[in-house]
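Quick look at structure08.pdb (PDB, C-alpha atoms):
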```pdb
MODEL        1
ATOM      1  CA  ASP A   1      89.886 187.939 172.256  1.00  0.00           C
ATOM      2  CA  MET A   2      91.826 188.033 168.979  1.00  0.00           C
ATOM      3  CA  ASN A   3      95.590 188.172 169.395  1.00  0.00           C
ATOM      4  CA  THR A   4      97.997 189.511 166.808  1.00  0.00           C
ATOM      5  CA  ASP A   5     100.815 187.302 165.620  1.00  0.00           C
ATOM      6  CA  THR A   6     104.051 188.056 167.470  1.00  0.00           C
ATOM      7  CA  GLY A   7     106.404 186.574 164.921  1.00  0.00           C
ATOM      8  CA  GLY A   8     105.704 183.000 165.930  1.00  0.00           C
ATOM      9  CA  LYS A   9     107.089 183.362 169.441  1.00  0.00           C
ATOM     10  CA  PRO A  10     104.442 184.398 171.952  1.00  0.00           C
ATOM     11  CA  PRO A  11     106.552 185.325 174.995  1.00  0.00           C
ATOM     12  CA  TYR A  12     103.722 184.633 177.430  1.00  0.00           C
ATOM     13  CA  HIS A  13     100.509 182.719 177.836  1.00  0.00           C
ATOM     14  CA  PHE A  14      97.995 184.914 175.977  1.00  0.00           C
ATOM     15  CA  GLY A  15      95.365 184.643 178.673  1.00  0.00           C
ATOM     16  CA  ASN A  16      97.561 186.522 181.090  1.00  0.00           C
ATOM     17  CA  LEU A  17      98.626 189.609 179.163  1.00  0.00           C
ATOM     18  CA  LYS A  18      97.867 191.961 182.054  1.00  0.00           C
ATOM     19  CA  GLU A  19     100.317 190.251 184.420  1.00  0.00           C
ATOM     20  CA  THR A  20     102.913 189.945 181.644  1.00  0.00           C
ATOM     21  CA  LEU A  21     102.711 193.692 180.946  1.00  0.00           C
ATOM     22  CA  ILE A  22     103.207 194.335 184.662  1.00  0.00           C
ATOM     23  CA  GLU A  23     106.182 191.968 184.998  1.00  0.00           C
ATOM     24  CA  GLN A  24     107.878 193.206 181.817  1.00  0.00           C
ATOM     25  CA  GLY A  25     107.179 196.798 182.834  1.00  0.00           C
ATOM     26  CA  LEU A  26     108.915 196.216 186.158  1.00  0.00           C
ATOM     27  CA  GLU A  27     111.926 194.731 184.376  1.00  0.00           C
ATOM     28  CA  LEU A  28     112.027 197.647 181.940  1.00  0.00           C
ATOM     29  CA  ILE A  29     112.057 200.206 184.767  1.00  0.00           C
ATOM     30  CA  HIS A  30     114.765 198.174 186.500  1.00  0.00           C
ATOM     31  CA  GLU A  31     116.899 198.228 183.336  1.00  0.00           C
ATOM     32  CA  GLU A  32     116.266 201.770 182.076  1.00  0.00           C
ATOM     33  CA  GLY A  33     114.792 203.778 184.938  1.00  0.00           C
ATOM     34  CA  ILE A  34     111.339 205.297 185.197  1.00  0.00           C
ATOM     35  CA  GLU A  35     112.091 208.497 183.269  1.00  0.00           C
ATOM     36  CA  LYS A  36     112.037 206.839 179.841  1.00  0.00           C
ATOM     37  CA  PHE A  37     109.227 204.446 180.703  1.00  0.00           C
ATOM     38  CA  SER A  38     106.245 204.225 178.328  1.00  0.00           C
ATOM     39  CA  LEU A  39     103.353 201.913 177.488  1.00  0.00           C
ATOM     40  CA  ARG A  40     104.678 201.665 173.940  1.00  0.00           C
ATOM     41  CA  LYS A  41     108.036 200.363 175.210  1.00  0.00           C
ATOM     42  CA  VAL A  42     106.342 197.753 177.377  1.00  0.00           C
ATOM     43  CA  ALA A  43     104.191 196.634 174.434  1.00  0.00           C
ATOM     44  CA  LYS A  44     107.297 196.278 172.273  1.00  0.00           C
ATOM     45  CA  LYS A  45     109.135 194.300 174.976  1.00  0.00           C
ATOM     46  CA  VAL A  46     106.188 191.926 175.351  1.00  0.00           C
ATOM     47  CA  GLY A  47     105.641 191.675 171.593  1.00  0.00           C
ATOM     48  CA  VAL A  48     102.101 193.040 171.333  1.00  0.00           C
ATOM     49  CA  SER A  49     100.580 196.187 169.844  1.00  0.00           C
ATOM     50  CA  ALA A  50     100.233 199.319 171.973  1.00  0.00           C
ATOM     51  CA  ALA A  51      96.468 198.935 171.482  1.00  0.00           C
ATOM     52  CA  ALA A  52      96.633 195.586 173.311  1.00  0.00           C
ATOM     53  CA  CYS A  53      98.196 197.411 176.279  1.00  0.00           C
ATOM     54  CA  TYR A  54      95.495 200.070 176.277  1.00  0.00           C
ATOM     55  CA  ASN A  55      92.860 197.348 176.626  1.00  0.00           C
ATOM     56  CA  HIS A  56      94.251 196.711 180.118  1.00  0.00           C
ATOM     57  CA  PHE A  57      95.719 200.049 181.164  1.00  0.00           C
ATOM     58  CA  GLY A  58      94.271 203.354 179.956  1.00  0.00           C
ATOM     59  CA  ASN A  59      97.525 205.224 180.486  1.00  0.00           C
ATOM     60  CA  ILE A  60     100.969 204.999 182.036  1.00  0.00           C
ATOM     61  CA  ASP A  61      99.706 205.974 185.518  1.00  0.00           C
ATOM     62  CA  GLU A  62      97.223 203.103 185.492  1.00  0.00           C
ATOM     63  CA  LEU A  63     100.020 200.713 184.555  1.00  0.00           C
ATOM     64  CA  LEU A  64     102.266 202.077 187.326  1.00  0.00           C
ATOM     65  CA  GLU A  65      99.424 201.723 189.819  1.00  0.00           C
ATOM     66  CA  GLY A  66      98.817 198.166 188.602  1.00  0.00           C
ATOM     67  CA  MET A  67     102.522 197.407 189.034  1.00  0.00           C
ATOM     68  CA  TYR A  68     102.546 198.835 192.548  1.00  0.00           C
ATOM     69  CA  GLY A  69      99.484 196.781 193.536  1.00  0.00           C
ATOM     70  CA  TYR A  70     101.000 193.645 192.033  1.00  0.00           C
ATOM     71  CA  VAL A  71     104.323 193.943 193.901  1.00  0.00           C
ATOM     72  CA  VAL A  72     102.545 194.867 197.140  1.00  0.00           C
ATOM     73  CA  ARG A  73     100.296 191.790 196.920  1.00  0.00           C
ATOM     74  CA  ARG A  74     103.208 189.450 196.253  1.00  0.00           C
ATOM     75  CA  PHE A  75     105.350 190.962 199.030  1.00  0.00           C
ATOM     76  CA  THR A  76     102.426 190.819 201.488  1.00  0.00           C
ATOM     77  CA  ALA A  77     101.771 187.146 200.701  1.00  0.00           C
ATOM     78  CA  VAL A  78     105.420 186.230 201.355  1.00  0.00           C
ATOM     79  CA  LEU A  79     105.453 188.024 204.729  1.00  0.00           C
ATOM     80  CA  GLU A  80     102.065 186.591 205.767  1.00  0.00           C
ATOM     81  CA  GLN A  81     103.356 183.101 204.981  1.00  0.00           C
ATOM     82  CA  ALA A  82     106.391 183.722 207.205  1.00  0.00           C
ATOM     83  CA  VAL A  83     104.079 184.793 210.047  1.00  0.00           C
ATOM     84  CA  GLU A  84     101.843 181.762 209.564  1.00  0.00           C
ATOM     85  CA  ASP A  85     104.696 179.266 209.492  1.00  0.00           C
ATOM     86  CA  ASN A  86     106.468 180.355 212.669  1.00  0.00           C
ATOM     87  CA  PRO A  87     105.940 180.620 216.413  1.00  0.00           C
ATOM     88  CA  CYS A  88     105.455 184.068 217.877  1.00  0.00           C
ATOM     89  CA  HIS A  89     108.886 184.651 219.347  1.00  0.00           C
ATOM     90  CA  TYR A  90     110.506 183.711 216.031  1.00  0.00           C
ATOM     91  CA  VAL A  91     108.215 185.703 213.768  1.00  0.00           C
ATOM     92  CA  ALA A  92     110.387 188.824 213.465  1.00  0.00           C
ATOM     93  CA  ILE A  93     113.312 186.713 212.291  1.00  0.00           C
ATOM     94  CA  SER A  94     111.292 184.626 209.835  1.00  0.00           C
ATOM     95  CA  MET A  95     109.792 187.782 208.333  1.00  0.00           C
ATOM     96  CA  GLY A  96     113.214 189.383 208.029  1.00  0.00           C
ATOM     97  CA  VAL A  97     114.454 186.329 206.146  1.00  0.00           C
ATOM     98  CA  ALA A  98     111.368 186.353 203.888  1.00  0.00           C
ATOM     99  CA  TYR A  99     111.872 190.084 203.198  1.00  0.00           C
ATOM    100  CA  VAL A 100     115.488 189.641 202.053  1.00  0.00           C
ATOM    101  CA  GLU A 101     114.838 186.441 200.082  1.00  0.00           C
ATOM    102  CA  PHE A 102     111.931 188.089 198.245  1.00  0.00           C
ATOM    103  CA  PHE A 103     114.055 190.963 196.947  1.00  0.00           C
ATOM    104  CA  ALA A 104     117.095 188.764 196.292  1.00  0.00           C
ATOM    105  CA  LYS A 105     114.816 186.705 194.042  1.00  0.00           C
ATOM    106  CA  TYR A 106     113.010 189.676 192.440  1.00  0.00           C
ATOM    107  CA  PRO A 107     115.550 192.510 192.291  1.00  0.00           C
ATOM    108  CA  HIS A 108     113.408 194.428 189.788  1.00  0.00           C
ATOM    109  CA  TYR A 109     110.769 194.922 192.512  1.00  0.00           C
ATOM    110  CA  PHE A 110     113.064 196.535 195.069  1.00  0.00           C
ATOM    111  CA  ASN A 111     113.735 200.081 193.839  1.00  0.00           C
ATOM    112  CA  PHE A 112     110.363 200.289 192.145  1.00  0.00           C
ATOM    113  CA  LEU A 113     108.571 199.649 195.419  1.00  0.00           C
ATOM    114  CA  PHE A 114     110.714 201.705 197.764  1.00  0.00           C
ATOM    115  CA  ASP A 115     111.019 204.692 195.440  1.00  0.00           C
ATOM    116  CA  SER A 116     107.231 204.881 195.307  1.00  0.00           C
ATOM    117  CA  GLU A 117     105.519 207.847 196.923  1.00  0.00           C
ATOM    118  CA  TYR A 118     102.549 205.578 197.707  1.00  0.00           C
ATOM    119  CA  LEU A 119     104.404 204.185 200.749  1.00  0.00           C
ATOM    120  CA  GLY A 120     103.939 207.250 202.933  1.00  0.00           C
ATOM    121  CA  ILE A 121     106.228 205.937 205.677  1.00  0.00           C
ATOM    122  CA  GLN A 122     106.697 208.385 208.561  1.00  0.00           C
ATOM    123  CA  ILE A 123     109.306 207.779 211.239  1.00  0.00           C
ATOM    124  CA  LYS A 124     107.934 209.545 214.309  1.00  0.00           C
ATOM    125  CA  GLU A 125     109.370 209.987 217.773  1.00  0.00           C
ATOM    126  CA  THR A 126     107.636 206.984 219.295  1.00  0.00           C
ATOM    127  CA  GLU A 127     106.321 205.033 216.298  1.00  0.00           C
ATOM    128  CA  ILE A 128     106.476 204.388 212.574  1.00  0.00           C
ATOM    129  CA  THR A 129     103.402 204.962 210.413  1.00  0.00           C
ATOM    130  CA  TRP A 130     102.683 204.235 206.745  1.00  0.00           C
ATOM    131  CA  ASN A 131     100.079 204.626 204.052  1.00  0.00           C
ATOM    132  CA  ARG A 132      97.271 202.085 204.534  1.00  0.00           C
ATOM    133  CA  SER A 133      97.742 200.824 200.968  1.00  0.00           C
ATOM    134  CA  PHE A 134     101.238 199.627 201.900  1.00  0.00           C
ATOM    135  CA  THR A 135      99.954 196.398 203.469  1.00  0.00           C
ATOM    136  CA  PRO A 136     103.227 194.431 203.565  1.00  0.00           C
ATOM    137  CA  PHE A 137     104.682 197.034 205.903  1.00  0.00           C
ATOM    138  CA  GLU A 138     101.732 196.574 208.228  1.00  0.00           C
ATOM    139  CA  VAL A 139     102.354 192.812 208.311  1.00  0.00           C
ATOM    140  CA  PHE A 140     106.071 193.419 208.832  1.00  0.00           C
ATOM    141  CA  VAL A 141     105.766 196.001 211.634  1.00  0.00           C
ATOM    142  CA  ASN A 142     102.998 194.186 213.502  1.00  0.00           C
ATOM    143  CA  GLY A 143     104.772 190.844 213.245  1.00  0.00           C
ATOM    144  CA  ALA A 144     108.109 192.306 214.319  1.00  0.00           C
ATOM    145  CA  LYS A 145     106.504 194.079 217.286  1.00  0.00           C
ATOM    146  CA  ARG A 146     104.774 190.877 218.342  1.00  0.00           C
ATOM    147  CA  GLY A 147     108.038 188.961 218.140  1.00  0.00           C
ATOM    148  CA  MET A 148     109.824 191.638 220.145  1.00  0.00           C
ATOM    149  CA  ARG A 149     107.130 191.677 222.831  1.00  0.00           C
ATOM    150  CA  GLU A 150     107.427 187.892 223.099  1.00  0.00           C
ATOM    151  CA  LEU A 151     111.138 188.429 223.701  1.00  0.00           C
ATOM    152  CA  GLY A 152     110.295 190.870 226.494  1.00  0.00           C
ATOM    153  CA  ILE A 153     111.530 194.050 224.805  1.00  0.00           C
ATOM    154  CA  ASP A 154     110.480 197.201 226.664  1.00  0.00           C
ATOM    155  CA  GLU A 155     107.720 199.216 224.917  1.00  0.00           C
ATOM    156  CA  LYS A 156     109.884 202.362 225.184  1.00  0.00           C
ATOM    157  CA  GLU A 157     112.594 200.612 223.170  1.00  0.00           C
ATOM    158  CA  LEU A 158     110.196 199.235 220.571  1.00  0.00           C
ATOM    159  CA  ARG A 159     110.413 201.955 217.927  1.00  0.00           C
ATOM    160  CA  ASP A 160     114.209 202.038 217.965  1.00  0.00           C
ATOM    161  CA  ASP A 161     114.525 198.252 218.003  1.00  0.00           C
ATOM    162  CA  LEU A 162     112.078 198.075 215.111  1.00  0.00           C
ATOM    163  CA  LEU A 163     114.167 200.619 213.182  1.00  0.00           C
ATOM    164  CA  VAL A 164     117.368 198.654 213.809  1.00  0.00           C
ATOM    165  CA  MET A 165     115.718 195.440 212.690  1.00  0.00           C
ATOM    166  CA  TRP A 166     114.171 197.037 209.598  1.00  0.00           C
ATOM    167  CA  ALA A 167     117.404 198.838 208.678  1.00  0.00           C
ATOM    168  CA  THR A 168     119.302 195.544 208.936  1.00  0.00           C
ATOM    169  CA  VAL A 169     116.827 193.622 206.806  1.00  0.00           C
ATOM    170  CA  HIS A 170     116.366 196.409 204.268  1.00  0.00           C
ATOM    171  CA  GLY A 171     120.116 196.940 204.065  1.00  0.00           C
ATOM    172  CA  LEU A 172     120.717 193.254 203.359  1.00  0.00           C
ATOM    173  CA  ALA A 173     117.953 193.272 200.724  1.00  0.00           C
ATOM    174  CA  ALA A 174     119.600 196.314 199.104  1.00  0.00           C
ATOM    175  CA  MET A 175     123.020 194.616 199.187  1.00  0.00           C
ATOM    176  CA  ALA A 176     121.553 191.515 197.548  1.00  0.00           C
ATOM    177  CA  ASN A 177     120.443 193.867 194.741  1.00  0.00           C
ATOM    178  CA  MET A 178     123.735 195.692 194.183  1.00  0.00           C
ATOM    179  CA  LYS A 179     125.598 194.772 191.018  1.00  0.00           C
ATOM    180  CA  GLY A 180     128.927 195.460 192.694  1.00  0.00           C
ATOM    181  CA  ILE A 181     128.276 193.143 195.643  1.00  0.00           C
ATOM    182  CA  GLN A 182     128.683 189.378 195.422  1.00  0.00           C
ATOM    183  CA  TYR A 183     127.970 187.250 198.487  1.00  0.00           C
ATOM    184  CA  GLU A 184     130.263 184.239 198.182  1.00  0.00           C
ATOM    185  CA  ASN A 185     127.903 181.837 199.938  1.00  0.00           C
ATOM    186  CA  GLY A 186     124.922 183.150 197.952  1.00  0.00           C
ATOM    187  CA  ASP A 187     122.291 182.356 200.595  1.00  0.00           C
ATOM    188  CA  TRP A 188     121.074 185.800 201.658  1.00  0.00           C
ATOM    189  CA  GLY A 189     118.223 184.311 203.688  1.00  0.00           C
ATOM    190  CA  ALA A 190     120.564 182.259 205.884  1.00  0.00           C
ATOM    191  CA  LEU A 191     122.829 185.281 206.335  1.00  0.00           C
ATOM    192  CA  THR A 192     119.840 187.399 207.392  1.00  0.00           C
ATOM    193  CA  GLU A 193     118.728 184.766 209.875  1.00  0.00           C
ATOM    194  CA  ARG A 194     122.190 184.536 211.420  1.00  0.00           C
ATOM    195  CA  ILE A 195     122.594 188.298 211.743  1.00  0.00           C
ATOM    196  CA  LEU A 196     119.120 188.835 213.188  1.00  0.00           C
ATOM    197  CA  LEU A 197     119.526 185.989 215.684  1.00  0.00           C
ATOM    198  CA  ASN A 198     123.064 186.798 216.820  1.00  0.00           C
ATOM    199  CA  LYS A 199     123.437 190.547 216.384  1.00  0.00           C
ATOM    200  CA  VAL A 200     120.040 192.241 216.356  1.00  0.00           C
ATOM    201  CA  MET A 201     117.388 190.334 218.296  1.00  0.00           C
ATOM    202  CA  LEU A 202     119.429 189.872 221.443  1.00  0.00           C
TER     203      LEU A 202
ENDMDL
END
```

What would the structure in this file look like if it were written as structure tokens?
Amino acid sequence: DMNTDTGGKPPYHFGNLKETLIEQGLELIHEEGIEKFSLRKVAKKVGVSAAACYNHFGNIDELLEGMYGYVVRRFTAVLEQAVEDNPCHYVAISMGVAYVEFFAKYPHYFNFLFDSEYLGIQIKETEITWNRSFTPFEVFVNGAKRGMRELGIDEKELRDDLLVMWATVHGLAAMANMKGIQYENGDWGALTERILLNKVML
């Protein structure tokens, strides 16, 4: 695998160009929006030829799909870890904290993921459904429901309680991403935990 010279400053480990293109692509969309997004721009940002990009992604849609899969896998892993590390009754809270901390740490993932039509989330009268490819949401909903059942929440209340919990967590994640909002303490995870424990999961 011959690599072109990038002016003496390779911005990444050459063996992992695919992941670098994905990460830099996500940052580019975060900075400029998706309308002006192109493979050529990503190549330039990374410091490789457009041809090097096409070795990994045949076109812009393939790159976008790769980016979606990448963010979904990382988000899923973080939520699964939160489930693994905590007892049942606490799982909804630990996942909520993991959710907010993930997007506070990686703000360039947030809008990209939730603006995606791949999600296919449907809020129905008695339940919430989603596209099967959106695995982190499955982990999140199932874990939250399990935690709520452990707390003795009535099945009839489950959908609404799930919506309140999700809206709280998602809202805090969005706030952590807003340029105009500064949280003095800076620990969004601790704030999420406090709010879920004291205000939501009563």

Taken to one decimal, the CA of Trp188 (chain A)-CA of Leu151 (chain A) distance is 24.3 Å

Which residues are near Ile128 (chain A)? Cut-off 10 Å, only C-alpha atoms, ignore same chain within fewer than 4 positions. Put them as number ranges by chain.
A: 121-124, 141, 159-160, 162-163

Quick one: apply the PyMOL selection byres ((chain A and resi 164-169) around 7) to the file and drop the selected residues here as a list of chain:residue names.
A:Gly96, A:Val100, A:Asp160, A:Asp161, A:Leu162, A:Leu163, A:His170, A:Gly171, A:Leu172, A:Ala173, A:Thr192, A:Val200

Excluding Phe103 (chain A) and any residue of its chain fewer than 3 positions from it, enumerate the residues within 12 Å of it, using all atoms listed in the file, and give them as a ChimeraX atom specification.
/A:71,74-75,78-79,96-100,106-114,169-178,188-189

For the selection just defined, write its residues with C-alpha atoms to a file, as an mmCIF file, in the coordinates of the input.
```
data_model
loop_
_atom_site.group_PDB
_atom_site.id
_atom_site.type_symbol
_atom_site.label_atom_id
_atom_site.label_comp_id
_atom_site.auth_asym_id
_atom_site.auth_seq_id
_atom_site.Cartn_x
_atom_site.Cartn_y
_atom_site.Cartn_z
ATOM 1 C CA VAL A 71 104.323 193.943 193.901
ATOM 2 C CA ARG A 74 103.208 189.450 196.253
ATOM 3 C CA PHE A 75 105.350 190.962 199.030
ATOM 4 C CA VAL A 78 105.420 186.230 201.355
ATOM 5 C CA LEU A 79 105.453 188.024 204.729
ATOM 6 C CA GLY A 96 113.214 189.383 208.029
ATOM 7 C CA VAL A 97 114.454 186.329 206.146
ATOM 8 C CA ALA A 98 111.368 186.353 203.888
ATOM 9 C CA TYR A 99 111.872 190.084 203.198
ATOM 10 C CA VAL A 100 115.488 189.641 202.053
ATOM 11 C CA TYR A 106 113.010 189.676 192.440
ATOM 12 C CA PRO A 107 115.550 192.510 192.291
ATOM 13 C CA HIS A 108 113.408 194.428 189.788
ATOM 14 C CA TYR A 109 110.769 194.922 192.512
ATOM 15 C CA PHE A 110 113.064 196.535 195.069
ATOM 16 C CA ASN A 111 113.735 200.081 193.839
ATOM 17 C CA PHE A 112 110.363 200.289 192.145
ATOM 18 C CA LEU A 113 108.571 199.649 195.419
ATOM 19 C CA PHE A 114 110.714 201.705 197.764
ATOM 20 C CA VAL A 169 116.827 193.622 206.806
ATOM 21 C CA HIS A 170 116.366 196.409 204.268
ATOM 22 C CA GLY A 171 120.116 196.940 204.065
ATOM 23 C CA LEU A 172 120.717 193.254 203.359
ATOM 24 C CA ALA A 173 117.953 193.272 200.724
ATOM 25 C CA ALA A 174 119.600 196.314 199.104
ATOM 26 C CA MET A 175 123.020 194.616 199.187
ATOM 27 C CA ALA A 176 121.553 191.515 197.548
ATOM 28 C CA ASN A 177 120.443 193.867 194.741
ATOM 29 C CA MET A 178 123.735 195.692 194.183
ATOM 30 C CA TRP A 188 121.074 185.800 201.658
ATOM 31 C CA GLY A 189 118.223 184.311 203.688
#
```

Set the distance at 12 Å and use all atoms listed in the file: which residues neighbour Asn142 (chain A) once local chain neighbours fewer than 3 positions away are removed? I'd like the list as a list in words.
Leu79, Glu80, Val83, Cys88, Val91, Ala92, Met95, Glu127, Ile128, Thr129, Thr135, Pro136, Phe137, Glu138, Val139, Lys145, Arg146, Gly147, Met148, Arg149, Leu158, Arg159 and Leu162 of chain A

Straight-line distance linking CA of Arg132 (chain A) with CA of Leu17 (chain A), stated in Å to one decimal
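That distance, rounded to one decimal, is 28.3 Å.
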
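Nearest to Pro87 (chain A) of all the residues A:Glu150, A:Glu101, A:Glu62, A:Glu155 is A:Glu150, based on all atoms listed in the file.
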
Given all atoms listed in the file as the basis, pick out the residue of A:Asn59, A:Ser133, A:Asn198, A:Thr20 nearest to Arg73 (chain A).
A:Ser133

Applying the PyMOL selection byres ((chain A and resi 118) around 8) to the file I just gave you, which residues come out? Please list them as an MDAnalysis selection string.
chainID A and resid 116:117 119:120 131 133:134

Which residues, written as number ranges by chain, have at least one atom at most 10 Å from Leu197 (chain A), with only C-alpha atoms counted and residues fewer than 6 positions away on the same chain left out?
A: 90, 92-93, 191

So how far away is CA of His89 (chain A) from CA of Gly152 (chain A), in Å?
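For CA of Gly152 (chain A) relative to CA of His89 (chain A), the distance reads 9.6 Å.
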
Which polymer residues have any atom within 7 Å of an atom of region 29-41 of chain A, counting only C-alpha atoms, with same-chain residues fewer than 5 positions away left out, as a list in words?
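Close residues of region 29-41 of chain A: Ala50, Cys53, Ile60 and His108 of chain A.
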
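Residue nearest Glu19 (chain A) within the list A:Gly47, A:Gly66, A:Gly58, A:Gly180: A:Gly66 [criterion: smallest interatomic distance, only C-alpha atoms].
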